[in-house]
>>> print(open('data_39.cif').read())   # mmCIF, C-alpha atoms
data_target
loop_
_atom_site.group_PDB
_atom_site.id
_atom_site.type_symbol
_atom_site.label_atom_id
_atom_site.label_comp_id
_atom_site.auth_asym_id
_atom_site.auth_seq_id
_atom_site.Cartn_x
_atom_site.Cartn_y
_atom_site.Cartn_z
ATOM 1 C CA MET T 1154 52.771 11.569 41.563
ATOM 2 C CA PRO T 1155 54.550 14.592 43.044
ATOM 3 C CA PHE T 1156 55.841 14.623 46.587
ATOM 4 C CA ARG T 1157 57.560 17.105 48.859
ATOM 5 C CA THR T 1158 60.736 16.350 50.816
ATOM 6 C CA CYS T 1159 61.749 18.103 54.028
ATOM 7 C CA THR T 1160 65.056 17.453 55.732
ATOM 8 C CA THR T 1161 65.747 18.102 59.419
ATOM 9 C CA SER T 1162 68.999 16.938 61.050
ATOM 10 C CA SER T 1163 69.418 13.213 60.350
ATOM 11 C CA PHE T 1164 65.777 12.535 59.483
ATOM 12 C CA LYS T 1165 64.046 13.053 56.146
ATOM 13 C CA LEU T 1166 60.293 13.373 55.764
ATOM 14 C CA GLN T 1167 58.514 12.770 52.480
ATOM 15 C CA LEU T 1168 54.836 13.609 52.033
ATOM 16 C CA TYR T 1169 52.989 11.651 49.365
ATOM 17 C CA ASN T 1170 49.259 10.989 49.034
ATOM 18 C CA CYS T 1171 48.493 12.084 52.635
ATOM 19 C CA LYS T 1172 50.970 9.614 54.117
ATOM 20 C CA SER T 1173 54.237 10.464 55.813
ATOM 21 C CA TYR T 1174 57.310 8.361 55.252
ATOM 22 C CA TYR T 1175 59.958 8.798 57.901
ATOM 23 C CA PHE T 1176 63.461 7.948 56.745
ATOM 24 C CA VAL T 1177 65.622 6.880 59.630
ATOM 25 C CA PRO T 1178 69.339 6.089 59.386
ATOM 26 C CA TYR T 1179 70.057 3.542 56.629
ATOM 27 C CA ASN T 1180 67.028 4.890 54.697
ATOM 28 C CA LYS T 1181 64.542 2.299 55.923
ATOM 29 C CA PRO T 1182 61.122 3.986 55.542
ATOM 30 C CA ILE T 1183 58.355 3.537 58.101
ATOM 31 C CA ALA T 1184 54.907 4.539 56.831
ATOM 32 C CA MET T 1185 52.724 6.492 59.244
ATOM 33 C CA GLN T 1186 49.165 7.536 58.460
ATOM 34 C CA ILE T 1187 48.395 11.063 59.658
ATOM 35 C CA GLN T 1188 44.954 11.195 61.221
ATOM 36 C CA LYS T 1189 43.071 12.947 63.979
ATOM 37 C CA LYS T 1190 41.746 11.092 67.021
ATOM 38 C CA SER T 1191 38.710 11.746 69.205
ATOM 39 C CA LEU T 1192 39.304 11.587 72.961
ATOM 40 C CA SER T 1193 35.626 10.892 73.686
ATOM 41 C CA ASP T 1194 35.571 8.046 71.152
ATOM 42 C CA LYS T 1195 38.734 6.540 72.641
ATOM 43 C CA PHE T 1196 37.471 6.859 76.240
ATOM 44 C CA SER T 1197 34.228 5.086 75.226
ATOM 45 C CA LEU T 1198 36.244 1.975 74.298
ATOM 46 C CA PHE T 1199 37.049 1.000 77.897
ATOM 47 C CA HIS T 1200 35.428 1.108 81.332
ATOM 48 C CA ASP T 1201 38.017 -0.142 83.828
ATOM 49 C CA HIS T 1202 40.106 2.016 86.149
ATOM 50 C CA TRP T 1203 43.876 2.490 86.595
ATOM 51 C CA ASN T 1204 44.653 0.701 83.313
ATOM 52 C CA PRO T 1205 46.212 3.188 80.828
ATOM 53 C CA ARG T 1206 45.795 2.759 77.059
ATOM 54 C CA VAL T 1207 48.270 4.159 74.544
ATOM 55 C CA VAL T 1208 46.605 6.364 71.912
ATOM 56 C CA ALA T 1209 49.731 7.855 70.312
ATOM 57 C CA GLN T 1210 53.519 7.844 70.465
ATOM 58 C CA LEU T 1211 55.957 10.544 69.461
ATOM 59 C CA ASN T 1212 59.641 11.200 70.060
ATOM 60 C CA GLY T 1213 59.999 8.504 72.711
ATOM 61 C CA GLN T 1214 56.870 9.718 74.535
ATOM 62 C CA SER T 1215 53.458 8.123 74.920
ATOM 63 C CA VAL T 1216 50.052 9.759 75.022
ATOM 64 C CA LYS T 1217 47.908 7.558 77.253
ATOM 65 C CA LEU T 1218 44.275 7.622 78.320
ATOM 66 C CA VAL T 1219 43.166 6.289 81.683
ATOM 67 C CA LYS T 1220 40.121 6.391 83.930
ATOM 68 C CA PHE T 1221 40.664 6.831 87.675
ATOM 69 C CA GLN T 1222 38.363 6.102 90.571
ATOM 70 C CA GLY T 1223 39.422 5.607 94.166
ATOM 71 C CA GLU T 1224 42.992 5.702 95.480
ATOM 72 C CA PHE T 1225 46.122 4.727 93.560
ATOM 73 C CA VAL T 1226 49.368 3.608 95.240
ATOM 74 C CA TRP T 1227 52.038 5.956 96.551
ATOM 75 C CA HIS T 1228 54.935 5.877 94.109
ATOM 76 C CA GLN T 1229 57.591 7.871 92.290
ATOM 77 C CA HIS T 1230 59.438 7.660 88.985
ATOM 78 C CA GLU T 1231 63.199 7.994 89.289
ATOM 79 C CA THR T 1232 63.875 9.084 85.704
ATOM 80 C CA GLU T 1233 60.562 10.262 84.255
ATOM 81 C CA ASP T 1234 58.367 13.338 84.614
ATOM 82 C CA GLU T 1235 54.610 12.837 84.132
ATOM 83 C CA LEU T 1236 51.885 15.129 82.828
ATOM 84 C CA PHE T 1237 48.275 14.514 83.937
ATOM 85 C CA LEU T 1238 45.578 16.402 81.959
ATOM 86 C CA VAL T 1239 41.980 16.087 83.178
ATOM 87 C CA VAL T 1240 39.618 15.603 80.236
ATOM 88 C CA LYS T 1241 36.460 14.997 82.297
ATOM 89 C CA GLY T 1242 35.839 15.220 86.038
ATOM 90 C CA TYR T 1243 38.504 16.001 88.639
ATOM 91 C CA PHE T 1244 40.981 14.275 90.936
ATOM 92 C CA ASN T 1245 43.281 15.121 93.818
ATOM 93 C CA MET T 1246 47.022 14.682 93.428
ATOM 94 C CA GLU T 1247 48.367 13.819 96.843
ATOM 95 C CA LEU T 1248 51.959 14.744 97.511
ATOM 96 C CA ARG T 1249 53.696 14.078 100.833
ATOM 97 C CA ASP T 1250 53.285 17.711 101.932
ATOM 98 C CA GLN T 1251 50.112 18.846 100.133
ATOM 99 C CA THR T 1252 47.065 17.849 98.082
ATOM 100 C CA ILE T 1253 46.295 19.607 94.797
ATOM 101 C CA ARG T 1254 42.868 19.387 93.118
ATOM 102 C CA ILE T 1255 43.089 19.067 89.323
ATOM 103 C CA ASN T 1256 39.848 20.080 87.597
ATOM 104 C CA GLU T 1257 38.542 19.417 84.099
ATOM 105 C CA GLY T 1258 40.707 21.257 81.573
ATOM 106 C CA GLU T 1259 43.648 21.573 84.001
ATOM 107 C CA PHE T 1260 46.909 19.668 84.124
ATOM 108 C CA ILE T 1261 49.775 19.036 86.494
ATOM 109 C CA VAL T 1262 53.358 17.946 85.860
ATOM 110 C CA ILE T 1263 54.907 15.690 88.483
ATOM 111 C CA PRO T 1264 58.710 15.957 88.355
ATOM 112 C CA ARG T 1265 60.817 12.806 88.498
ATOM 113 C CA GLY T 1266 61.615 11.645 92.015
ATOM 114 C CA THR T 1267 58.428 13.146 93.519
ATOM 115 C CA GLU T 1268 56.274 10.789 95.572
ATOM 116 C CA HIS T 1269 52.648 11.131 94.554
ATOM 117 C CA ARG T 1270 49.284 9.391 94.601
ATOM 118 C CA PRO T 1271 46.259 10.253 92.440
ATOM 119 C CA VAL T 1272 42.922 9.966 94.259
ATOM 120 C CA ALA T 1273 39.557 10.317 92.509
ATOM 121 C CA PRO T 1274 36.357 10.316 94.597
ATOM 122 C CA GLU T 1275 34.375 9.817 91.358
ATOM 123 C CA GLU T 1276 35.401 8.541 87.944
ATOM 124 C CA VAL T 1277 37.701 10.914 86.066
ATOM 125 C CA GLN T 1278 39.106 10.733 82.534
ATOM 126 C CA VAL T 1279 42.795 11.655 82.282
ATOM 127 C CA LEU T 1280 45.280 12.046 79.445
ATOM 128 C CA LEU T 1281 48.866 11.179 80.426
ATOM 129 C CA PHE T 1282 51.934 12.358 78.549
ATOM 130 C CA GLU T 1283 55.103 10.613 79.627
ATOM 131 C CA PRO T 1284 58.145 8.737 78.314
ATOM 132 C CA ASP T 1285 57.451 5.332 76.742
ATOM 133 C CA THR T 1286 59.475 3.704 79.542
ATOM 134 C CA THR T 1287 57.200 4.948 82.353
ATOM 135 C CA LEU T 1288 55.709 2.166 84.472
ATOM 136 C CA ASN T 1289 52.362 3.323 85.874
ATOM 137 C CA THR T 1290 53.267 2.389 89.458
ATOM 138 C CA GLY T 1291 56.898 3.550 89.281
ATOM 139 C CA ASP T 1292 58.903 2.216 92.215
ATOM 140 C CA ALA T 1293 55.823 0.374 93.575
ATOM 141 C CA ALA T 1294 56.235 -2.156 90.763
ATOM 142 C CA THR T 1295 54.836 -5.073 92.763
ATOM 143 C CA SER T 1296 51.413 -3.443 93.203
ATOM 144 C CA GLU T 1297 48.341 -5.252 91.889
ATOM 145 C CA LEU T 1298 47.712 -2.068 89.848
ATOM 146 C CA THR T 1299 51.017 -2.378 87.936
ATOM 147 C CA ARG T 1300 50.577 -2.671 84.173
ATOM 148 C CA ASN T 1301 53.759 -3.992 82.563
ATOM 149 C CA GLN T 1302 52.214 -4.135 79.086
ATOM 150 C CA LEU T 1303 49.806 -1.483 77.842
ATOM 151 C CA ASN T 1304 47.217 -1.945 75.115
ATOM 152 C CA SER T 1305 46.985 0.512 72.245
ATOM 153 C CA ILE T 1306 43.621 1.818 71.133
#
>>> encode(input="data_39.cif", output="structure tokens")
Amino acid sequence: MPFRTCTTSSFKLQLYNCKSYYFVPYNKPIAMQIQKKSLSDKFSLFHDHWNPRVVAQLNGQSVKLVKFQGEFVWHQHETEDELFLVVKGYFNMELRDQTIRINEGEFIVIPRGTEHRPVAPEEVQVLLFEPDTTLNTGDAATSELTRNQLNSI
């Protein structure tokens, strides 16, 4: 069957029968099915709070879904920026010098090295976009809310 090949820098992408084959150095292909995902369907799969789930990964970044309710721990990330996008509800991002309300459909980027604490008076659904290496509690790694291993859904 016919296929199309696209080359960008050191990576080659071949499209064949709706599948993508990524060729990394040494030409070892990794098959990846291209498909859409429903945020509402994914959020319906879990009910706990402060426990992120990975829904996608790209370019060393993770797309994570999490539900918040109550107060998180004060923390910072020395080497990672974080994006918080509110899918449903709202929460307050507490910084040491101000509090910013993030409403449904809004997002905030917290730069690396910034102390912060999410607080949600009611349950909120949030999409996180951050490097794969980001620990949810940052420098507060001994917190009971720390998740060293995340589940994928």
>>> atom_distance(input="data_39.cif", atom1="atom CA of Ile1263 of chain T", atom2="atom CA of Leu1218 of chain T")
16.8 Å
>>> atom_distance(input="data_39.cif", atom1="atom CA of Thr1267 of chain T", atom2="atom CA of Asn1245 of chain T")
15.3 Å
>>> atom_distance(input="data_39.cif", atom1="atom CA of Asn1256 of chain T", atom2="atom CA of Ile1306 of chain T")
24.9 Å
>>> resolve_selection(input="data_39.cif", expression="the PyMOL selection byres ((chain T and resi 1291-1296) around 7)", output="PyMOL selection string")
chain T and resi 1228-1230+1288-1290+1297-1299
>>> resolve_selection(input="data_39.cif", expression="the PyMOL selection byres ((chain T and resi 1264) around 8)", output="number ranges by chain")
T: 1233-1235, 1262-1263, 1265-1267
>>> residues_near_point(input="data_39.cif", point="(52.1, 6.3, 97.2)", cutoff="6 Å", atoms="all atoms listed in the file", output="ChimeraX atom specification")
/T:1226-1228,1269-1270
>>> write_last_selection(input="data_39.cif", atoms="C-alpha atoms", output="PDB file, keeping the file's coordinate frame")
ATOM      1  CA  VAL T1226      49.368   3.608  95.240  1.00  0.00           C
ATOM      2  CA  TRP T1227      52.038   5.956  96.551  1.00  0.00           C
ATOM      3  CA  HIS T1228      54.935   5.877  94.109  1.00  0.00           C
ATOM      4  CA  HIS T1269      52.648  11.131  94.554  1.00  0.00           C
ATOM      5  CA  ARG T1270      49.284   9.391  94.601  1.00  0.00           C
TER       6      ARG T1270
END
>>> resolve_selection(input="data_39.cif", expression="the PyMOL selection byres ((chain T and resi 1260) around 12)", output="list of chain:residue names")
T:Glu1235, T:Leu1236, T:Phe1237, T:Leu1238, T:Val1239, T:Val1240, T:Lys1241, T:Tyr1243, T:Phe1244, T:Asn1245, T:Met1246, T:Ile1253, T:Arg1254, T:Ile1255, T:Asn1256, T:Glu1257, T:Gly1258, T:Glu1259, T:Ile1261, T:Val1262, T:Ile1263, T:Gln1278, T:Val1279, T:Leu1280, T:Leu1281, T:Phe1282
>>> residues_around(input="data_39.cif", residues="Pro1274 of chain T", least_positions_apart="2", cutoff="7 Å", atoms="all atoms listed in the file", output="ChimeraX atom specification")
/T:1222-1223,1272,1276
>>> write_last_selection(input="data_39.cif", atoms="C-alpha atoms", output="PDB file, in the coordinates of the input")
ATOM      1  CA  GLN T1222      38.363   6.102  90.571  1.00  0.00           C
ATOM      2  CA  GLY T1223      39.422   5.607  94.166  1.00  0.00           C
ATOM      3  CA  VAL T1272      42.922   9.966  94.259  1.00  0.00           C
ATOM      4  CA  GLU T1276      35.401   8.541  87.944  1.00  0.00           C
TER       5      GLU T1276
END
>>> closest_residue(input="data_39.cif", among="T:Leu1192, T:Thr1252, T:Thr1286, T:Arg1300", to="Thr1232 of chain T", atoms="only C-alpha atoms")
T:Thr1286
>>> residues_around(input="data_39.cif", residues="Asn1204 of chain T", least_positions_apart="2", cutoff="8 Å", atoms="only C-alpha atoms", output="JSON, numbers by chain")
{"T": [1201, 1202, 1206, 1219, 1220, 1298, 1300, 1303]}
>>> axis_aligned_box(input="data_39.cif", around="segment 1277-1292 of chain T", padding_each_side="8 Å", output="JSON")
{"center_x": 48.6, "center_y": 7.3, "center_z": 84.5, "size_x": 37.8, "size_y": 26.2, "size_z": 31.5}
